[in-house]
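Below is one structure, written out as structure tokens; comments come after it.
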Amino acid sequence: MAKLKCFSNKIKSILFLMGLFINVSYAQDNKPAVESFEDEKVLNQYKASNSNLSTSDAHFKFGNKALQWTWADKASFETSNFKFLTQDESPLAYGDHFPASPTLQMDIYNQKPQNETITISYEKAGKKEVWFDITLNFKGWRTIWVPFYEMQGNAPKKGAAVNYDVFKISTSSKSGTLFFDDIIFSQYQDDRHQYPDEIVPFIKSNLDLGKDHWMPLISNYNRIKNLEAKPISMAIRLDLKKFEQLIDADLTIAKKYKVYINSLREMYAELHLKDNGKTVTGPPLTFNRKQSFYDKNQQGANRYNDVKSLGKVLKKLANFHDRANPTEKAEIESMFLTGTKYFLDQGWQAGSNGGTRHHIGYNVREITEAFFTMRQFLYNNGLLQEVGSSLHWLFNLGMLLDDESKFHVNIDYLNTQSYYHLMLIFLLESQEKQAALLRAYSKYMSITLAQQNEEWGFKVDGTAWHHNGHYPAYGIGAFQTVPKVINTLARTRFRIGTQGHKNFKKAFLASRIYSQKFDWGFGNAGRHPLDGNSIKSLKEQFLLMANAGDPTGMSKIDKEVAAAYLRLWGKDDILNTTLFTQVHGINQEELSGFYTFPYAATAVKREKDWAAIIKGYSKYVWASEIYVASNRYGRYPANGTIQLLNSKGEIGSGFKQEGWDWNRYPGATIIYLPLEELEAKMPLIMFRSNESFAGTATLNGNGIFGMVLNEGKGSNADGPETKVGFPGKLKAKKSVFSFGDKLICIGTNISSVDTENATQTNLFQTFLKDKKDAIYTASKKITKFPFQGELAKNPEAKNWIIDPYGNAYHMLSNNTIHFKKEKQHSYHNKYSVNTGKMNPKGKGAKETQGNFASAWIDHGFAPKNANYQYVVYPFNNEAEIHNFDKRVENDKSFNILKADSVAHIVKDLKTNTTGYVVFKADENLQHGILKTASKPVLVMAKKEGVQQATLSVVQPDLNFPEHKKGKFKNYSQPLKFTITVNGKWSAAITDNVLSVENTLNETLITLELKDGLSHEIKLLKI
């Protein structure tokens, strides 16, 4: 075999010397996956007909040269000098998690538009296999990503590997010149991301393109081009000018910032742009560059300009344009003009999608603001229409003119596009068209902000839905942007409609309820646990909403928002505090009570200056978002957790990522796993169980929470996998009863099949500011570090422990408390211990450490029917800690009446209120007024003397409609059920109370409820 190989090499050498084997220097193993045409020798690998091929530096992307093709009459060129990349070789951000297919990627430059076409094809054994056409009616660069399965001819199936031996470009055009660069002959590309545009409109032609809200659509752009506007009044013209001025004012930087021309020159120079009088060349202006294969040997230094970076430079230039002296102003204008021409020449034009521009809204904010600020300058230089059209295309502005049935709320849109849509209306030269689009914009925003039954958006309970769940980290983007829109248009004929304003306001204000003081905590952090999740940045937005007036448009100041502002920021804002309190008579709000967010399986107890955030999950509400490179250990933050936050938020309450044990979320029932096992095996999982029971009810400031925890089987809220589960098959029935300033916690039916790792329920985990920070028990104050201990069951009710932040935990059941103070070693949530990879956004060491105190209940290995009962008394001061023994001995304010697989029932004696968390239907509860329920329910019942009672009833099953197996339409449907109460009572018939029937000693009440919200029923004794 070795002799044959040696002989073969000798033959190749002889043929090469004879000039007959020209491919020897490009042997199969050395064929390029990408061709950048930097070396003129590569032209030997191309065969041309009626054509001239050369390398040129007139236009190029990576490197310094491109292929120039000039032809006359019917012409073509072809090559066999290429290879196809395998899936493993392709730069796929999510590996094989999302389907991907072989895709041709290339850059094409056209100097002169013409109504002719070229055909790009692949051949195999002399036969044309697949092809597609491109019309040459464009000028400048175009980047295309064309999947092979979208080509004509013998196209492969999605995802299938391809194998061709000739790449060919041909035309019937009489003459022309084109430039080609960075041809990636085939790499696997995420099937979601190849985008159609005006030169490759056939891509995804069989799909509903509107479902991808990032994708610029030809249909939307045509609506702008075909818009016919009616004459407008002088009053409307004045409104339009007012809006422009308000946006200008919003974009104007503070006067304290002075022009430093040298700094502007340096920023601009880093773009490496050259204007030869005909065109502007420079490094490629890219977006999502990491999704495309790159070969340094082929393409040279990996130098490019990201569109976001260009935007920052142009925004800086625009910021200082009007405050520079005449000489500096001229130089700024020259730089801005060159940057604008470069932007357009690089293919950022109307009708071009550049291969893909998904999630583009995050990256073009600055450049849009720069072009808006410099709109008069662009107009003076004849570029306003072209730049405006580019942004109208990119931002899908024409969607505002679509039929109302196509309007669907999306928080990504509200965050990244809504304010810019308002801005881009004023890049139209015609005020008549501006007015027409503004009417459409106001209508679109009014409708979508009011929507509650869409897939995403703002639900009836105030939750902000994105990625199929309540997601404040995305909601805050909308909260930062929409108030500017509402405020800008307030008290004009273009104002946002009452229902839209009202629904947005509810969600906006809900953020200050589920946050303490500003932090919304780990339970609803999505993929960002302990990462500084906060509404603190919304100070200006609260002022904007307050000064926009109430949703009806009748009041100049929204008093409810202003009162919230005074609580959050009033102490440090004398000017607005004086305005609100003394001029408008508005007082600071006092938030206390029990708040429910059923669409997040979340309850919030607020008392004095602390809050307890209680979090679960269900069949409809996911537990957390474990992402490919974020929250890798995020399995437990919603396992019935209780996060106690004082007025100093997460950090001030003992929650810090450095050293955090990801098993130890307070309140959670868990299987304690090594982090290698705790880390999710899937790259993306948003786990929902198969249990429909997770809910919360409230009555008169008190409340209850209950959930059925089941890790055995469930679905994934995002991504292709629908059936998922965890091998430990952890199960539990959990509840929390909030009466006054305490939380009564019950767990029953705790089980798992894990025989190697213990099942536990966490009490607390808090970091130590000082190693000597104390833990208190009934017998000692522990300042020693490190320290480990146990508290066995004490028949004299002295089985309690207080954490270093004053939170006390009194054990009622026969459980031992385990606790410790020690230095903990952990990993950053964005680091994968199994792959050794760190997300670049981790902003910290992959390994972390910190000093913590923690306590937990150990249920042992593979428990069958474990349980717990304990009471939490949050944030005790020194005097309360000193007297805590007496407090628990004297606390006779409640009775736990039932704690089993059927129900958890607790009675508060102070308010004569009984809370029922009923897990099993049609069982005699045997305690208090509630006898049975035909479905699992949550009920709070308050007896008011002998003759009256109030029930607060919740149906915890949100009952979302299923549009395909494991995937839901994210809105609640009514469920009909009955409850039977002891005694003969009457109640009003309503839309929710369908009937009230009496027997000798019982009353049967039939209800129809949805949304998981509390419904109060007043009962009168008969």
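Each chain of the structure tokens is named A, B, ... in the order shown, its residues numbered from 1; ligands are numbered from 1 in display order.
Residues lying within 7 Å of region 935-949 of chain A, counting only C-alpha atoms and ignoring same-chain neighbours fewer than 5 positions away, are Ala697, Leu699, Asn912, Thr913, Thr914, Gly915, Tyr916, Val917, Val918, Phe919, Lys920, Ala921, Val954, Gln955, Pro956, Phe977, Lys1018, Leu1019, Leu1020 and Lys1021 of chain A.
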>> Which residues are close to Arg323 (chain A), i.e. within 10 Å by only C-alpha atoms, leaving aside same-chain residues fewer than 6 positions away? Reply as number ranges by chain.
In response: A: 255, 257-259, 329
Selection above as a file: N, CA and C atoms, as a PDB file, in the first residue's frame:
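Here's the written file selection-v4.pdb:
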ATOM      1  N   LYS A 255     -25.092  69.413  28.340  1.00  0.00           N
ATOM      2  CA  LYS A 255     -24.214  70.503  27.903  1.00  0.00           C
ATOM      3  C   LYS A 255     -22.804  70.388  28.455  1.00  0.00           C
ATOM      4  N   TYR A 257     -20.839  68.031  28.298  1.00  0.00           N
ATOM      5  CA  TYR A 257     -19.946  67.292  27.411  1.00  0.00           C
ATOM      6  C   TYR A 257     -19.451  68.207  26.295  1.00  0.00           C
ATOM      7  N   LYS A 258     -18.159  68.391  26.218  1.00  0.00           N
ATOM      8  CA  LYS A 258     -17.557  69.303  25.252  1.00  0.00           C
ATOM      9  C   LYS A 258     -16.997  68.527  24.058  1.00  0.00           C
ATOM     10  N   VAL A 259     -16.760  69.257  22.987  1.00  0.00           N
ATOM     11  CA  VAL A 259     -16.214  68.653  21.778  1.00  0.00           C
ATOM     12  C   VAL A 259     -14.717  68.438  21.944  1.00  0.00           C
ATOM     13  N   LYS A 329     -16.886  71.484  12.806  1.00  0.00           N
ATOM     14  CA  LYS A 329     -18.165  71.042  12.260  1.00  0.00           C
ATOM     15  C   LYS A 329     -17.994  70.491  10.851  1.00  0.00           C
TER      16      LYS A 329
END
> Mind pulling up the distance from CA of Arg439 (chain A) to CA of Glu228 (chain A)?
Replying inline: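 Between CA of Glu228 (chain A) and CA of Arg439 (chain A) the gap is 13.3 Å.
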> What is the CA of Met106 (chain A) to CA of Pro683 (chain A) distance in Å?
Replying inline: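 Going from CA of Met106 (chain A) over to CA of Pro683 (chain A) covers 29.7 Å.
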>> Taking 2 positions as the minimum chain separation for residues in the same chain, which residues sit within 7 Å of region 526-543 of chain A when counting only C-alpha atoms? Answer as a list of chain:residue names.
In response: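 The neighbour list is A:Tyr471, A:Ala473, A:Gln480, A:Pro483, A:Phe518, A:Asp519, A:Trp520, A:Gly521, A:Phe522, A:Asn524, A:Met545, A:Ala546, A:Asn547, A:Val561, A:Tyr565, A:Ser624, A:Glu625, A:Ile626, A:Tyr627, A:Ser630, A:Asn631, A:Lys656, A:Gln657.
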> Neighbours of Leu422 (chain A) within 10 Å (only C-alpha atoms; same-chain residues fewer than 5 positions away dropped), as an MDAnalysis selection string?
Replying inline: chainID A and resid 243:244 247 397 417 427 434 437:438 441:442 485 488:489
> In Å, with one decimal, what is the gap from CA of Arg265 (chain A) to CA of Thr327 (chain A)?
Replying inline: 13.4 Å
> If you count only C-alpha atoms, which residues fall within 10 Å of region 812-821 of chain A, apart from same-chain ones fewer than 2 positions away, as number ranges by chain?
Replying inline: A: 744-746, 761-768, 771-775, 782-795, 797-801, 803, 809-810, 823-824, 851-859, 866-871, 896
> If we count only C-alpha atoms, what is near region 269-285 of chain A at a cut-off of 12 Å, once residues fewer than 3 positions away on the same chain are taken out, given as a ChimeraX atom specification?
Replying inline: /A:57-65,107,109,111,139-143,181-182,262-266,288-289,299-314,334-348,354
>> Based on the backbone DSSP call, show me all residues of region 669-745 of chain A assigned strand (DSSP E), as a PyMOL selection string.
In response: chain A and resi 669-671+687-689+694-699+702-710+714-716+731-739+742-745
> Looking at only C-alpha atoms, which of A:Tyr620, A:Tyr636, A:Tyr827, A:Phe580 is the one that sits closest to Pro666 (chain A)?
Replying inline: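 Nearest candidate to Pro666 (chain A) out of A:Tyr620, A:Tyr636, A:Tyr827, A:Phe580: A:Tyr636.
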>> I'd like the neighbourhood of Pro840 (chain A) as a list in words, where a residue qualifies if any of its atoms comes within 10 Å (using only C-alpha atoms), though same-chain residues fewer than 2 positions away should be ignored.
In response: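 Residues meeting the cut-off are Ala629, Lys830, Tyr831, Lys837, Met838, Gly842, Lys843 and Gly844 of chain A.
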>> Nearest residue to Asp609 (chain A) out of A:Gly836, A:Pro804, A:Pro216, A:Gly593, using only C-alpha atoms?
In response: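 Under the stated criterion, the closest residue is A:Gly593.
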>> When DSSP is applied to the backbone of this structure, which of region 495-696 of chain A are assigned alpha helix (DSSP H)? Write them out as a ChimeraX atom specification.
In response: /A:498-513,539-547,559-569,574-578,649-652,675-678
>> With distances taken over only C-alpha atoms, which residue among A:Gly497, A:Lys74, A:Val736, A:Ser647 lies nearest Thr602 (chain A)?
In response: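 Checking each candidate against Thr602 (chain A), we get A:Val736 as the closest.
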